[in-house]
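Note: the block below is start.cif and it holds mmCIF, C-alpha atoms and all ligand atoms.
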```cif
data_query
#
loop_
_atom_site.label_atom_id
_atom_site.label_comp_id
_atom_site.auth_asym_id
_atom_site.auth_seq_id
_atom_site.Cartn_x
_atom_site.Cartn_y
_atom_site.Cartn_z
CA MET K 1 -74.58 -166.66 -27.53
CA SER K 2 -71.25 -168.49 -27.69
CA VAL K 3 -68.85 -168.45 -24.78
CA THR K 4 -65.31 -167.87 -25.94
CA GLY K 5 -62.02 -167.72 -24.07
CA ASP K 6 -62.29 -163.93 -24.08
CA VAL K 7 -65.55 -163.90 -22.15
CA LEU K 8 -65.60 -163.75 -18.38
CA LEU K 9 -69.34 -163.33 -17.92
CA ALA K 10 -71.95 -164.29 -20.50
CA VAL K 11 -75.56 -163.30 -19.95
CA ASP K 12 -78.01 -164.77 -22.42
CA GLY K 13 -81.67 -163.77 -22.77
CA LEU K 14 -81.93 -162.88 -19.10
CA SER K 15 -85.29 -161.73 -17.73
CA LYS K 16 -86.56 -160.91 -14.27
CA HIS K 17 -90.25 -160.20 -13.89
CA PHE K 18 -92.02 -159.05 -10.74
CA GLY K 19 -95.62 -159.95 -11.49
CA GLY K 20 -96.41 -157.85 -14.56
CA VAL K 21 -93.27 -155.68 -14.23
CA LYS K 22 -90.53 -156.73 -16.65
CA ALA K 23 -87.68 -155.25 -14.58
CA VAL K 24 -85.11 -157.03 -16.79
CA ASP K 25 -86.35 -158.13 -20.18
CA ASP K 26 -84.38 -160.48 -22.43
CA VAL K 27 -80.95 -158.95 -21.83
CA SER K 28 -77.84 -160.51 -23.34
CA LEU K 29 -74.34 -159.23 -22.80
CA GLU K 30 -70.75 -160.42 -22.56
CA ILE K 31 -68.01 -159.07 -20.34
CA ALA K 32 -64.40 -159.51 -21.36
CA PRO K 33 -61.80 -159.96 -18.62
CA GLY K 34 -59.65 -157.08 -17.43
CA ARG K 35 -62.14 -154.37 -18.30
CA ILE K 36 -64.30 -151.81 -16.57
CA CYS K 37 -67.80 -152.31 -17.97
CA SER K 38 -70.69 -150.09 -16.97
CA LEU K 39 -74.42 -150.49 -16.91
CA ILE K 40 -76.34 -147.24 -17.28
CA GLY K 41 -79.94 -146.21 -17.87
CA PRO K 42 -82.63 -143.91 -16.50
CA ASN K 43 -84.15 -144.49 -13.05
CA GLY K 44 -86.10 -147.75 -12.89
CA SER K 45 -84.51 -149.16 -16.07
CA GLY K 46 -83.51 -152.41 -14.36
CA LYS K 47 -79.83 -151.92 -13.52
CA SER K 48 -80.01 -152.93 -9.85
CA THR K 49 -82.34 -155.81 -10.67
CA LEU K 50 -79.83 -157.11 -13.21
CA ILE K 51 -77.01 -156.88 -10.64
CA ASN K 52 -79.26 -158.68 -8.13
CA VAL K 53 -79.94 -161.49 -10.61
CA LEU K 54 -76.25 -161.76 -11.52
CA SER K 55 -75.25 -162.02 -7.86
CA GLY K 56 -78.03 -164.53 -7.13
CA LEU K 57 -80.06 -162.35 -4.78
CA TYR K 58 -82.98 -162.81 -7.20
CA GLY K 59 -83.64 -165.89 -9.30
CA ALA K 60 -83.89 -165.33 -13.05
CA THR K 61 -87.33 -165.63 -14.63
CA ARG K 62 -85.68 -166.74 -17.89
CA GLY K 63 -82.26 -166.90 -19.49
CA SER K 64 -78.81 -167.94 -18.35
CA ILE K 65 -75.65 -166.58 -16.74
CA SER K 66 -72.23 -168.17 -17.10
CA LEU K 67 -69.01 -167.24 -15.41
CA LEU K 68 -65.88 -168.46 -17.18
CA GLY K 69 -68.01 -170.89 -19.16
CA GLN K 70 -69.69 -172.36 -16.08
CA ASP K 71 -73.46 -172.02 -15.83
CA ILE K 72 -74.21 -170.24 -12.54
CA THR K 73 -77.86 -169.37 -13.23
CA ARG K 74 -79.13 -171.53 -10.41
CA ARG K 75 -76.19 -171.23 -8.01
CA ARG K 76 -76.75 -169.75 -4.55
CA PRO K 77 -75.27 -166.27 -3.89
CA ASP K 78 -72.55 -167.69 -1.59
CA GLU K 79 -71.57 -170.25 -4.25
CA ARG K 80 -71.25 -167.45 -6.77
CA VAL K 81 -68.94 -165.58 -4.36
CA ARG K 82 -66.80 -168.72 -4.07
CA LEU K 83 -66.67 -168.89 -7.87
CA GLY K 84 -65.33 -165.33 -7.97
CA LEU K 85 -68.35 -163.04 -8.17
CA ALA K 86 -68.39 -160.31 -5.50
CA ARG K 87 -70.61 -157.27 -5.14
CA THR K 88 -71.40 -154.14 -3.21
CA PHE K 89 -74.90 -152.83 -2.58
CA GLN K 90 -76.67 -149.63 -3.61
CA ASN K 91 -77.73 -149.21 0.02
CA ILE K 92 -74.67 -149.83 2.14
CA ARG K 93 -74.94 -153.12 4.04
CA LEU K 94 -72.27 -153.08 6.72
CA PHE K 95 -72.48 -154.50 10.24
CA LYS K 96 -72.53 -151.04 11.82
CA GLY K 97 -71.64 -152.28 15.31
CA LEU K 98 -68.65 -154.36 14.18
CA SER K 99 -65.29 -152.73 13.54
CA VAL K 100 -64.27 -151.75 10.04
CA LEU K 101 -61.68 -154.55 10.06
CA GLU K 102 -64.22 -157.18 11.17
CA ASN K 103 -66.56 -156.08 8.39
CA VAL K 104 -63.83 -156.58 5.81
CA MET K 105 -62.99 -159.96 7.39
CA THR K 106 -66.55 -161.15 6.75
CA GLY K 107 -65.78 -160.85 3.04
CA GLN K 108 -63.47 -163.83 3.34
CA HIS K 109 -65.68 -166.19 5.29
CA CYS K 110 -66.79 -167.92 2.09
CA ARG K 111 -63.15 -168.92 1.57
CA THR K 112 -62.28 -169.98 5.11
CA SER K 113 -63.44 -173.14 6.80
CA SER K 114 -64.55 -171.47 9.99
CA GLY K 115 -66.21 -168.17 9.13
CA LEU K 116 -65.68 -164.96 11.06
CA PHE K 117 -68.06 -165.55 13.94
CA ARG K 118 -66.78 -169.05 14.67
CA ALA K 119 -63.24 -167.73 14.37
CA LEU K 120 -63.99 -165.11 16.96
CA LEU K 121 -65.39 -167.77 19.33
CA HIS K 122 -63.20 -170.89 18.78
CA PRO K 123 -59.46 -170.94 19.60
CA ALA K 124 -58.86 -173.71 17.01
CA SER K 125 -59.75 -171.30 14.25
CA ARG K 126 -57.44 -168.55 15.47
CA ARG K 127 -54.58 -169.22 13.03
CA GLU K 128 -56.94 -168.97 10.10
CA GLU K 129 -58.42 -165.89 11.70
CA ALA K 130 -54.96 -164.24 11.90
CA ALA K 131 -54.48 -164.76 8.16
CA THR K 132 -57.97 -163.42 7.51
CA ARG K 133 -57.20 -160.35 9.63
CA LYS K 134 -53.95 -159.73 7.73
CA ARG K 135 -55.68 -159.95 4.37
CA ALA K 136 -58.48 -157.64 5.56
CA LEU K 137 -55.89 -155.08 6.66
CA ARG K 138 -54.24 -155.28 3.23
CA GLU K 139 -57.58 -154.53 1.56
CA LEU K 140 -58.19 -151.61 3.92
CA GLU K 141 -54.77 -150.24 2.98
CA PHE K 142 -55.66 -150.72 -0.69
CA VAL K 143 -58.78 -148.53 -0.38
CA GLY K 144 -56.88 -146.00 1.75
CA LEU K 145 -58.48 -146.72 5.13
CA PRO K 146 -55.89 -148.49 7.33
CA ASP K 147 -56.20 -145.83 10.03
CA VAL K 148 -59.85 -146.62 10.83
CA ALA K 149 -59.57 -150.43 11.10
CA ALA K 150 -60.65 -150.46 14.76
CA ALA K 151 -63.47 -147.95 14.45
CA PRO K 152 -67.09 -149.10 14.45
CA ALA K 153 -68.17 -149.20 10.78
CA GLY K 154 -71.27 -147.15 11.60
CA SER K 155 -69.12 -144.26 12.86
CA LEU K 156 -67.55 -143.63 9.46
CA ALA K 157 -68.73 -140.97 7.04
CA TYR K 158 -70.85 -142.28 4.19
CA GLY K 159 -68.11 -142.15 1.53
CA ARG K 160 -65.74 -144.14 3.73
CA GLN K 161 -68.41 -146.77 4.42
CA ARG K 162 -68.68 -147.27 0.66
CA LEU K 163 -64.92 -147.91 0.53
CA VAL K 164 -65.26 -150.45 3.37
CA GLU K 165 -67.87 -152.28 1.27
CA ILE K 166 -65.45 -152.36 -1.65
CA ALA K 167 -62.65 -153.64 0.62
CA ARG K 168 -64.98 -156.37 1.92
CA ALA K 169 -65.86 -157.43 -1.62
CA LEU K 170 -62.16 -157.46 -2.59
CA ALA K 171 -61.36 -159.63 0.43
CA SER K 172 -63.45 -162.42 -1.11
CA ASP K 173 -60.85 -162.60 -3.90
CA PRO K 174 -63.18 -161.87 -6.81
CA THR K 175 -62.64 -162.38 -10.51
CA LEU K 176 -65.58 -160.11 -11.25
CA LEU K 177 -66.65 -157.26 -8.98
CA LEU K 178 -70.18 -155.86 -9.30
CA LEU K 179 -70.46 -152.33 -7.93
CA ASP K 180 -73.96 -150.88 -7.52
CA GLU K 181 -73.75 -147.07 -7.52
CA PRO K 182 -70.45 -146.75 -5.64
CA ALA K 183 -70.30 -142.98 -6.23
CA ALA K 184 -73.75 -142.27 -4.76
CA GLY K 185 -73.38 -139.71 -1.98
CA LEU K 186 -69.67 -139.12 -2.60
CA ASN K 187 -68.25 -135.62 -2.92
CA PRO K 188 -66.20 -134.74 -6.05
CA HIS K 189 -62.91 -135.38 -4.24
CA GLU K 190 -64.10 -138.83 -3.09
CA THR K 191 -65.39 -139.61 -6.59
CA GLU K 192 -61.96 -138.81 -8.05
CA ALA K 193 -60.39 -141.16 -5.52
CA LEU K 194 -62.96 -143.82 -6.47
CA ASP K 195 -61.99 -143.39 -10.14
CA ARG K 196 -58.36 -144.14 -9.22
CA THR K 197 -59.37 -147.08 -7.03
CA LEU K 198 -61.40 -148.61 -9.88
CA ARG K 199 -58.39 -148.42 -12.18
CA GLN K 200 -56.19 -150.00 -9.49
CA ILE K 201 -58.72 -152.81 -9.03
CA VAL K 202 -58.52 -153.61 -12.74
CA GLY K 203 -54.73 -153.35 -12.42
CA ARG K 204 -54.95 -156.30 -10.00
CA GLY K 205 -56.58 -158.37 -12.75
CA ILE K 206 -60.13 -158.00 -11.42
CA THR K 207 -62.89 -157.21 -13.89
CA VAL K 208 -65.45 -154.58 -12.86
CA LEU K 209 -69.14 -154.22 -13.72
CA LEU K 210 -70.24 -150.79 -12.59
CA VAL K 211 -73.80 -149.52 -12.18
CA GLU K 212 -73.54 -145.77 -11.86
CA HIS K 213 -75.43 -142.53 -12.46
CA ASP K 214 -72.36 -140.25 -12.30
CA MET K 215 -71.78 -139.85 -16.02
CA ASN K 216 -68.41 -138.10 -15.67
CA LEU K 217 -67.13 -141.13 -13.77
CA VAL K 218 -68.75 -143.64 -16.12
CA MET K 219 -67.60 -141.99 -19.34
CA GLY K 220 -64.08 -141.47 -18.00
CA VAL K 221 -63.44 -144.90 -16.56
CA SER K 222 -65.39 -147.39 -18.70
CA ASP K 223 -64.01 -149.53 -21.50
CA HIS K 224 -67.51 -150.64 -22.46
CA ILE K 225 -71.03 -149.49 -21.59
CA THR K 226 -74.39 -151.26 -21.82
CA VAL K 227 -77.52 -149.08 -21.71
CA LEU K 228 -80.85 -150.30 -20.34
CA ASN K 229 -84.27 -148.70 -20.67
CA PHE K 230 -87.48 -150.28 -19.35
CA GLY K 231 -85.53 -153.47 -18.64
CA ARG K 232 -84.27 -153.86 -22.19
CA LYS K 233 -80.81 -153.36 -23.61
CA ILE K 234 -81.06 -150.40 -25.98
CA SER K 235 -77.39 -149.74 -26.73
CA ALA K 236 -73.86 -150.96 -26.08
CA GLY K 237 -70.37 -149.90 -27.02
CA THR K 238 -67.57 -147.55 -26.07
CA PRO K 239 -68.40 -144.37 -24.12
CA GLU K 240 -68.16 -142.41 -27.37
CA GLN K 241 -70.51 -144.79 -29.18
CA VAL K 242 -73.28 -144.78 -26.56
CA GLN K 243 -73.05 -141.01 -26.06
CA ALA K 244 -73.61 -140.53 -29.78
CA ASP K 245 -76.52 -143.01 -29.93
CA PRO K 246 -79.81 -141.10 -30.54
CA GLY K 247 -81.75 -143.90 -28.80
CA VAL K 248 -79.74 -143.34 -25.61
CA ILE K 249 -80.20 -139.57 -25.72
CA GLU K 250 -83.94 -140.02 -26.25
CA ALA K 251 -84.22 -142.52 -23.38
CA TYR K 252 -82.65 -140.03 -20.97
CA LEU K 253 -84.56 -137.01 -22.26
CA GLY K 254 -87.83 -138.94 -22.12
CA THR K 255 -87.45 -139.37 -18.36
CA GLY K 256 -86.38 -135.79 -17.64
CA ASP K 257 -83.68 -137.42 -15.51
CA ALA K 258 -81.27 -134.56 -14.83
CA ARG K 259 -78.46 -136.91 -13.86
CA GLY K 260 -79.03 -138.94 -17.00
CA ALA K 261 -79.01 -135.88 -19.23
CA ASP K 262 -75.30 -135.64 -18.46
CA ALA K 263 -74.90 -138.60 -20.81
CA GLN K 264 -75.17 -136.26 -23.76
CA ARG K 265 -72.28 -134.03 -22.77
N1 LIG B 301 -88.52 -156.30 -5.56
C1 LIG B 301 -89.26 -155.71 -6.50
N2 LIG B 301 -90.58 -155.94 -6.61
C2 LIG B 301 -91.32 -155.35 -7.57
N3 LIG B 301 -90.82 -154.50 -8.50
C3 LIG B 301 -89.50 -154.23 -8.44
C4 LIG B 301 -88.66 -154.82 -7.44
N4 LIG B 301 -87.38 -154.36 -7.65
C5 LIG B 301 -87.45 -153.53 -8.70
N5 LIG B 301 -88.71 -153.45 -9.18
C6 LIG B 301 -89.16 -152.66 -10.32
O1 LIG B 301 -88.36 -153.04 -11.42
C7 LIG B 301 -88.02 -151.89 -12.22
C8 LIG B 301 -86.50 -151.76 -12.30
O2 LIG B 301 -86.01 -151.34 -11.02
P1 LIG B 301 -84.46 -151.24 -10.69
O3 LIG B 301 -84.34 -150.83 -9.25
O4 LIG B 301 -83.78 -152.48 -11.11
O5 LIG B 301 -84.02 -150.05 -11.65
P2 LIG B 301 -82.67 -149.20 -11.61
O6 LIG B 301 -82.30 -148.97 -13.04
O7 LIG B 301 -81.66 -149.83 -10.75
O8 LIG B 301 -83.19 -147.84 -10.97
P3 LIG B 301 -82.35 -146.70 -10.16
O9 LIG B 301 -81.41 -146.10 -11.14
O10 LIG B 301 -83.42 -145.72 -9.77
O11 LIG B 301 -81.69 -147.36 -8.99
C9 LIG B 301 -88.73 -150.72 -11.59
O12 LIG B 301 -89.97 -150.54 -12.25
C10 LIG B 301 -88.94 -151.15 -10.16
O13 LIG B 301 -90.07 -150.53 -9.59
#
```

For the structure just supplied, provide its representation as structure tokens.
Amino acid sequence: MSVTGDVLLAVDGLSKHFGGVKAVDDVSLEIAPGRICSLIGPNGSGKSTLINVLSGLYGATRGSISLLGQDITRRRPDERVRLGLARTFQNIRLFKGLSVLENVMTGQHCRTSSGLFRALLHPASRREEAATRKRALRELEFVGLPDVAAAPAGSLAYGRQRLVEIARALASDPTLLLLDEPAAGLNPHETEALDRTLRQIVGRGITVLLVEHDMNLVMGVSDHITVLNFGRKISAGTPEQVQADPGVIEAYLGTGDARGADAQR
């Protein structure tokens, strides 16, 4: 697959096998900058595994990943963050005992010389730490949570913890933001707010790759959708195109996945 100036992320023939399980199987896709792209598919179709391979949490079994034309297939996760690839997790991974603000500050440690923990301990790093704090506060304002900056992250309701994760990822200054099921556990009001936040993120020039089961959100917000089933790419296109694809409808019906069946509406 050729990498052109219009491609932010190019994934070519990517596979991830766990023993005999082909969790991701020969997937190729391209993501253009400035878009919201989504990855959908029935339960167990390989979406999270693909995100984990893209972010470097798992090594690829085969294939390649390039970000802005640079091969990152064998880069460590922290190197990928430095190159502009940030993510959130399906299962929230906050430091529950640290404050909300400190959690968001950890998002920047890949870009600072000292890192949060050293900054908290060493006076020499305090100036850098002040700038980090200011940036973290800006990101908390962006996601609508400036009022809870001092609260322990673990004390926040689930939906707000998800927003803190997004703020932390934004604090790393990403070019591409990978979001793994950000609407999981959100109420309809929070999901609407998330929809607006996603559009604002793209408005800042950040490209989004969204893994999500909430089909109303996905179909409303996505510019482009890739559909996986049993680790393989079975369809791709606009929301209208994938919704009309008989292969996609069959994949969802075959699983009896009630959430997935929404894809047909
Ligand atoms: N660490 C692992 N070890 C072994 N098998 C795994 C591992 N992670 C995922 N799998 C398997 O790989 C397949 C794809 O799983 P994955 O979690 O990527 O799917 P998914 O589309 O994200 O599912 P869901 O929508 O339910 O979150 C499944 O069969 C799963 O059991």

Cut-off 6 Å: closest chain K/ligand LIG 301 (chain B) atom pairs per residue, using only C-alpha atoms and all ligand atoms, as a Markdown table:
```
| residue | atom | partner | partner_atom | distance |
| --- | --- | --- | --- | --- |
| K:Phe18 | CA | B:LIG301 | C2 | 4.9 |
| K:Ala23 | CA | B:LIG301 | O1 | 3.9 |
| K:Pro42 | CA | B:LIG301 | O9 | 5.9 |
| K:Asn43 | CA | B:LIG301 | O10 | 3.6 |
| K:Gly44 | CA | B:LIG301 | O5 | 3.3 |
| K:Ser45 | CA | B:LIG301 | O6 | 3.8 |
| K:Gly46 | CA | B:LIG301 | O4 | 3.3 |
| K:Lys47 | CA | B:LIG301 | O6 | 3.9 |
| K:Ser48 | CA | B:LIG301 | O7 | 3.6 |
| K:Thr49 | CA | B:LIG301 | O4 | 3.7 |
```

Against range 169-185 of chain K, which residues of range 27-71 of chain K fall within 10 Å? For each one I want the closest pair of atoms and the distance in Å (one decimal), counting all atoms listed in the file, rows by chain and increasing residue number, as JSON lines.
```
{"residue": "K:Ile31", "atom": "CA", "partner": "K:Leu176", "partner_atom": "CA", "distance": 9.5}
{"residue": "K:Pro33", "atom": "CA", "partner": "K:Leu176", "partner_atom": "CA", "distance": 8.3}
{"residue": "K:Gly34", "atom": "CA", "partner": "K:Leu176", "partner_atom": "CA", "distance": 9.1}
{"residue": "K:Arg35", "atom": "CA", "partner": "K:Leu176", "partner_atom": "CA", "distance": 9.7}
{"residue": "K:Ile36", "atom": "CA", "partner": "K:Leu177", "partner_atom": "CA", "distance": 9.6}
{"residue": "K:Cys37", "atom": "CA", "partner": "K:Leu178", "partner_atom": "CA", "distance": 9.7}
{"residue": "K:Ser38", "atom": "CA", "partner": "K:Leu179", "partner_atom": "CA", "distance": 9.3}
{"residue": "K:Leu39", "atom": "CA", "partner": "K:Asp180", "partner_atom": "CA", "distance": 9.4}
{"residue": "K:Lys47", "atom": "CA", "partner": "K:Asp180", "partner_atom": "CA", "distance": 8.5}
{"residue": "K:Ser48", "atom": "CA", "partner": "K:Asp180", "partner_atom": "CA", "distance": 6.8}
{"residue": "K:Ile51", "atom": "CA", "partner": "K:Leu178", "partner_atom": "CA", "distance": 7.0}
{"residue": "K:Asn52", "atom": "CA", "partner": "K:Asp180", "partner_atom": "CA", "distance": 9.4}
{"residue": "K:Leu54", "atom": "CA", "partner": "K:Leu178", "partner_atom": "CA", "distance": 8.8}
{"residue": "K:Ser55", "atom": "CA", "partner": "K:Leu178", "partner_atom": "CA", "distance": 8.1}
{"residue": "K:Leu67", "atom": "CA", "partner": "K:Leu176", "partner_atom": "CA", "distance": 8.9}
{"residue": "K:Leu68", "atom": "CA", "partner": "K:Thr175", "partner_atom": "CA", "distance": 9.6}
```

Just checking: using all atoms listed in the file, which residue out of K:Arg162, K:Ala60, K:Thr106, K:Leu8 ends up closest to Gly205 in chain K?
K:Leu8

Could you jot down the CA of Val27 in chain K to CA of Leu14 in chain K separation for me, Å, one decimal place?
4.9 Å

Using only C-alpha atoms, which of the listed residues (K:Thr73, K:Thr132, K:Ser99, K:Gln241) sits closest to Leu57 in chain K?
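Counting only C-alpha atoms, the residue closest to Leu57 in chain K is K:Thr73.
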
Would you mind reading off the distance between CA of Ala193 in chain K and CA of Val143 in chain K, one decimal, in Å?
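CA of Ala193 in chain K sits 9.1 Å away from CA of Val143 in chain K.
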
Point out the residue among K:Met215, K:Ala130, K:Ile40, K:Val11 with the least atom-to-atom distance to Ile234 in chain K, counting all atoms listed in the file.
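The answer is K:Ile40, which sits nearest to Ile234 in chain K.
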
When you draw a straight line from CA of Leu101 in chain K to CA of Asp78 in chain K, how long is it in Å?
20.7 Å

Which residue, K:Met105, K:Leu98, K:Ala236, K:Leu228, has the smallest gap to Asp25 in chain K when you use only C-alpha atoms?
K:Leu228

Taking (-77.0, -168.1, -2.9) in the file's own coordinates, collect the residues within 12 Å, counting all atoms listed in the file, and hand them back as an mmCIF file with C-alpha atoms, in the frame of the given file.
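What landed in result.cif:
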```
data_model
loop_
_atom_site.group_PDB
_atom_site.id
_atom_site.type_symbol
_atom_site.label_atom_id
_atom_site.label_comp_id
_atom_site.auth_asym_id
_atom_site.auth_seq_id
_atom_site.Cartn_x
_atom_site.Cartn_y
_atom_site.Cartn_z
ATOM 1 C CA ASN K 52 -79.260 -158.680 -8.130
ATOM 2 C CA VAL K 53 -79.940 -161.490 -10.610
ATOM 3 C CA LEU K 54 -76.250 -161.760 -11.520
ATOM 4 C CA SER K 55 -75.250 -162.020 -7.860
ATOM 5 C CA GLY K 56 -78.030 -164.530 -7.130
ATOM 6 C CA LEU K 57 -80.060 -162.350 -4.780
ATOM 7 C CA TYR K 58 -82.980 -162.810 -7.200
ATOM 8 C CA GLY K 59 -83.640 -165.890 -9.300
ATOM 9 C CA ILE K 72 -74.210 -170.240 -12.540
ATOM 10 C CA THR K 73 -77.860 -169.370 -13.230
ATOM 11 C CA ARG K 74 -79.130 -171.530 -10.410
ATOM 12 C CA ARG K 75 -76.190 -171.230 -8.010
ATOM 13 C CA ARG K 76 -76.750 -169.750 -4.550
ATOM 14 C CA PRO K 77 -75.270 -166.270 -3.890
ATOM 15 C CA ASP K 78 -72.550 -167.690 -1.590
ATOM 16 C CA GLU K 79 -71.570 -170.250 -4.250
ATOM 17 C CA ARG K 80 -71.250 -167.450 -6.770
ATOM 18 C CA VAL K 81 -68.940 -165.580 -4.360
ATOM 19 C CA ARG K 82 -66.800 -168.720 -4.070
ATOM 20 C CA LEU K 83 -66.670 -168.890 -7.870
ATOM 21 C CA LEU K 85 -68.350 -163.040 -8.170
ATOM 22 C CA ALA K 86 -68.390 -160.310 -5.500
ATOM 23 C CA CYS K 110 -66.790 -167.920 2.090
#
```

Taking (-73.9, -153.7, 2.9) as a centre in this file's frame and 10 Å as the limit, can you find every polymer residue with an atom that close, using all atoms listed in the file, and give them as a list in words?
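Residues with an atom close enough to that point: Arg87, Thr88, Phe89, Gln90, Asn91, Ile92, Arg93, Leu94, Phe95, Lys96, Asn103, Gln161, Arg162, Val164, Glu165, Ile166, Arg168 and Ala169 of chain K.
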
Do a neighbour search on Leu217 in chain K at 12 Å with all atoms listed in the file, toss out local chain neighbours closer than 2 positions, and write the hits as a PDB file with C-alpha atoms, in the coordinates of the input.
```pdb
ATOM      1  CA  ILE K  36     -64.300-151.810 -16.570  1.00  0.00           C
ATOM      2  CA  CYS K  37     -67.800-152.310 -17.970  1.00  0.00           C
ATOM      3  CA  SER K  38     -70.690-150.090 -16.970  1.00  0.00           C
ATOM      4  CA  ILE K  40     -76.340-147.240 -17.280  1.00  0.00           C
ATOM      5  CA  GLU K 181     -73.750-147.070  -7.520  1.00  0.00           C
ATOM      6  CA  PRO K 182     -70.450-146.750  -5.640  1.00  0.00           C
ATOM      7  CA  ALA K 183     -70.300-142.980  -6.230  1.00  0.00           C
ATOM      8  CA  ALA K 184     -73.750-142.270  -4.760  1.00  0.00           C
ATOM      9  CA  LEU K 186     -69.670-139.120  -2.600  1.00  0.00           C
ATOM     10  CA  PRO K 188     -66.200-134.740  -6.050  1.00  0.00           C
ATOM     11  CA  HIS K 189     -62.910-135.380  -4.240  1.00  0.00           C
ATOM     12  CA  GLU K 190     -64.100-138.830  -3.090  1.00  0.00           C
ATOM     13  CA  THR K 191     -65.390-139.610  -6.590  1.00  0.00           C
ATOM     14  CA  GLU K 192     -61.960-138.810  -8.050  1.00  0.00           C
ATOM     15  CA  ALA K 193     -60.390-141.160  -5.520  1.00  0.00           C
ATOM     16  CA  LEU K 194     -62.960-143.820  -6.470  1.00  0.00           C
ATOM     17  CA  ASP K 195     -61.990-143.390 -10.140  1.00  0.00           C
ATOM     18  CA  ARG K 196     -58.360-144.140  -9.220  1.00  0.00           C
ATOM     19  CA  THR K 197     -59.370-147.080  -7.030  1.00  0.00           C
ATOM     20  CA  LEU K 198     -61.400-148.610  -9.880  1.00  0.00           C
ATOM     21  CA  ARG K 199     -58.390-148.420 -12.180  1.00  0.00           C
ATOM     22  CA  LEU K 210     -70.240-150.790 -12.590  1.00  0.00           C
ATOM     23  CA  VAL K 211     -73.800-149.520 -12.180  1.00  0.00           C
ATOM     24  CA  GLU K 212     -73.540-145.770 -11.860  1.00  0.00           C
ATOM     25  CA  HIS K 213     -75.430-142.530 -12.460  1.00  0.00           C
ATOM     26  CA  ASP K 214     -72.360-140.250 -12.300  1.00  0.00           C
ATOM     27  CA  MET K 215     -71.780-139.850 -16.020  1.00  0.00           C
ATOM     28  CA  MET K 219     -67.600-141.990 -19.340  1.00  0.00           C
ATOM     29  CA  GLY K 220     -64.080-141.470 -18.000  1.00  0.00           C
ATOM     30  CA  VAL K 221     -63.440-144.900 -16.560  1.00  0.00           C
ATOM     31  CA  SER K 222     -65.390-147.390 -18.700  1.00  0.00           C
ATOM     32  CA  ASP K 223     -64.010-149.530 -21.500  1.00  0.00           C
ATOM     33  CA  PRO K 239     -68.400-144.370 -24.120  1.00  0.00           C
ATOM     34  CA  ASP K 262     -75.300-135.640 -18.460  1.00  0.00           C
ATOM     35  CA  ALA K 263     -74.900-138.600 -20.810  1.00  0.00           C
TER      36      ALA K 263
END
```

Name all residues at most 10 Å from Ala131 in chain K (count only C-alpha atoms; drop same-chain ones fewer than 5 positions away) and give them as an NGL selection string.
:K and (105 or 112 or 126 or 136-137)

Create the file for the chosen residues now, containing C-alpha atoms and written as a short mmCIF file (atom, residue, chain, number, x, y, z; two decimals), in the frame of the given file.
```cif
data_model
loop_
_atom_site.label_atom_id
_atom_site.label_comp_id
_atom_site.auth_asym_id
_atom_site.auth_seq_id
_atom_site.Cartn_x
_atom_site.Cartn_y
_atom_site.Cartn_z
CA MET K 105 -62.99 -159.96 7.39
CA THR K 112 -62.28 -169.98 5.11
CA ARG K 126 -57.44 -168.55 15.47
CA ALA K 136 -58.48 -157.64 5.56
CA LEU K 137 -55.89 -155.08 6.66
#
```

Taking only C-alpha atoms into account, which of K:Glu129, K:Glu30, K:Glu102, K:Asp12 comes nearest Arg62 in chain K?
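Comparing K:Glu129, K:Glu30, K:Glu102, K:Asp12 against Arg62 in chain K, the winner is K:Asp12.
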